[in-house]
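K.L.:
Quick one: the structure is below, and I'll ask about it shortly.
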Amino acid sequence: MASTWRSCDFPLEVALYEAVAADVEVRFGRSLAAVQQGPQAVTVSFTDGTTDTFDLLIGADGIHSNTRKLVFGPEEQFGRCLGYYFASYRLPDRYGIGHAWKNYTEPTRQAGAYCSNNEGEIITLLMYKTADEGHIPRKQRLPRLREIFAGMGWITQRMLDDATDPDAIFMDTVTQIQMPTWHQGRVALVGDACGCPTLLSGQGASLAMGGAYVLARALHEGVDYQEAFRRYERFVRPYVKERQKNAHDFAKTFVPASRLGLAVQQVLLKLLLRDAFTGLLRRQFGAESLLQT
């Protein structure tokens with residue numbers, strides 16, 4: 001069954017970089033190799049062989065956070081897979097998507113496409129239900145997607161046939177990160193690194209940016225960093241838990257496992273997209289900002 005939403009694709013990363021580039025040193029092409037904490041500072045070794053010392057280390061490096069792995073432990077301790085994989089890649093718009101998000105769903109799998117910020121280009125979004133298979137290497141992604149989505153209707157086969165560059169396919173599990181604490185010593189985590197709600201929440205970027213602001217505000221208020229970390233986590237954690245619960249509950253509705261579930265999805269979508277149900281839709285996706293309080 002197919003449905004259509006309006007969509008826009010904003011170059012958020014570019015906007016954020018341009019906002020800080022004049023005031024913040026940005027180093028590209030390196031990652032963390034080791035982290036050593038001391039009573040007065042934290043020393044970081046980088047993958048290019050350099051070492052530097054900082055007052056604090058803030059890990060904002062996403063769901064597969066290297067900072068989290070080095071300081072808190074392996075991802076397996078904190079990752080909670082919801083039972084889905086998704087894949088995404090860019091294509092020329094040969095399908096008439098235009099400035100919209102178009103979706104097609106069959107039991108256990110869904111194909112979609114929406115406009116990017118580049119005229120005449122779309123971004124695909126493929127999602128399917130499966131057990132956690134771990135990391136799927138780039139060379140295996142396109143064959144795996146063609147296997148999973150074989151025989152699917154709509155323009156799905158055309159989009160898969162047009163995907164000729166396996167290295168351009170982003171693919172990952174739909175996984176939440178749940179941690180007992182977001183800080184240890186002079187290190188703290190923000191965003192998906194400590195509380196990934198998954199793309200099904202529709203709130204990952206806003207939660208990350210809002211959480212970073214709350215942390216910066218707590219540090220700016222002049223309390224010691226340990227108290228600032230605690231204030232930040234006490235304030236933001238309830239919002240993250242709510243968004244994670246909403247995303248967990250929504251997953252089965254987003255990609256139904258049966259034709260009955262698919263029929264229910266269509267009925268719910270028709271209801272929720274009416275003006276009378278706008279408030280309910282906002283509550284489901286946590287549209288109220290954590291910065292409003």
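Just remember, in the structure tokens the first chain shown is A, the second B, etc., residues are 1-based per chain, and ligands are 1-based in the order shown.
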Run DSSP on the backbone and give me the residues of stretch 88-231 of chain A it puts in strand (DSSP E), as a PyMOL selection string.

P.N.:
chain A and resi 88+90-92+101-106+109-115+121-129+170-177+183-184+187-189

K.L.:
If we count only C-alpha atoms, what is near A:Pro238 at a cut-off of 12 Å, once residues fewer than 3 positions away on the same chain are taken out, given as a PyMOL selection string?

P.N.:
chain A and resi 195+207+211+232-235+241-245+286+290

K.L.:
Please, what distance in Å, to one decimal, runs between atom CA of A:Thr130 and atom CA of A:Thr156?

P.N.:
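A separation of 18.7 Å between them.
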
K.L.:
Find the distance between atom CA of A:Thr67 and atom CA of A:Asp224 and write it in Å to one decimal.

P.N.:
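Pair atom CA of A:Thr67 / atom CA of A:Asp224 returns 21.8 Å.
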
K.L.:
Considering only C-alpha atoms, return as a list in words whatever protein or nucleic-acid residues lie within 9 Å of A:Thr181, sequence-local ones (same chain, fewer than 3 positions apart) excluded.

P.N.:
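Returned residues: Gln178, Gln184, Cys194 and Glu233 of chain A.
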
K.L.:
Generate a file of the selected residues that holds N, CA and C atoms, formatted as a PDB file, in the first residue's frame.

P.N.:
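Full text of again.pdb as output:
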ATOM      1  N   GLN A 178      20.833   2.416  25.379  1.00  0.00           N
ATOM      2  CA  GLN A 178      20.327   2.604  26.734  1.00  0.00           C
ATOM      3  C   GLN A 178      21.467   2.362  27.721  1.00  0.00           C
ATOM      4  N   GLN A 184      31.317   9.706  32.970  1.00  0.00           N
ATOM      5  CA  GLN A 184      32.288   8.988  33.791  1.00  0.00           C
ATOM      6  C   GLN A 184      33.530   9.859  33.891  1.00  0.00           C
ATOM      7  N   CYS A 194      24.624   8.322  23.661  1.00  0.00           N
ATOM      8  CA  CYS A 194      24.168   7.844  24.967  1.00  0.00           C
ATOM      9  C   CYS A 194      22.686   7.488  25.003  1.00  0.00           C
ATOM     10  N   GLU A 233      22.194  15.318  32.784  1.00  0.00           N
ATOM     11  CA  GLU A 233      21.586  13.997  32.640  1.00  0.00           C
ATOM     12  C   GLU A 233      20.227  13.922  33.311  1.00  0.00           C
TER      13      GLU A 233
END

K.L.:
Using DSSP on the backbone, list every residue of stretch 105-146 of chain A that comes out as alpha helix (DSSP H), and give them as a ChimeraX atom specification.

P.N.:
/A:138-146

K.L.:
Restrict the calculation to only C-alpha atoms, then for each residue of stretch 21-64 of chain A with any atom at most 9 Å from an atom of stretch 71-79 of chain A give the closest atom pair and their distance in Å to one decimal, rows by chain and rising residue number, as a tab-separated table.

P.N.:
residue	atom	partner	partner_atom	distance
A:Ala34	CA	A:Val71	CA	8.8
A:Val35	CA	A:Val71	CA	7.0
A:Gln36	CA	A:Val71	CA	8.8
A:Ile63	CA	A:Gly79	CA	8.6
A:His64	CA	A:Glu75	CA	7.0

K.L.:
Include N, CA and C atoms and write out the residues we just selected as a short mmCIF file (atom, residue, chain, number, x, y, z; two decimals), in the first residue's frame.

P.N.:
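Result written to part-v4.cif:
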data_model
loop_
_atom_site.label_atom_id
_atom_site.label_comp_id
_atom_site.auth_asym_id
_atom_site.auth_seq_id
_atom_site.Cartn_x
_atom_site.Cartn_y
_atom_site.Cartn_z
N ALA A 34 42.74 6.27 22.00
CA ALA A 34 42.84 5.94 23.43
C ALA A 34 42.45 7.17 24.24
N VAL A 35 41.92 6.92 25.42
CA VAL A 35 41.52 7.99 26.35
C VAL A 35 42.07 7.66 27.72
N GLN A 36 42.78 8.61 28.31
CA GLN A 36 43.34 8.42 29.65
C GLN A 36 42.93 9.59 30.52
N ILE A 63 25.58 6.72 17.24
CA ILE A 63 25.15 5.45 17.80
C ILE A 63 26.30 4.47 17.97
N HIS A 64 27.28 4.50 17.08
CA HIS A 64 28.44 3.59 17.19
C HIS A 64 29.64 4.34 17.79
#
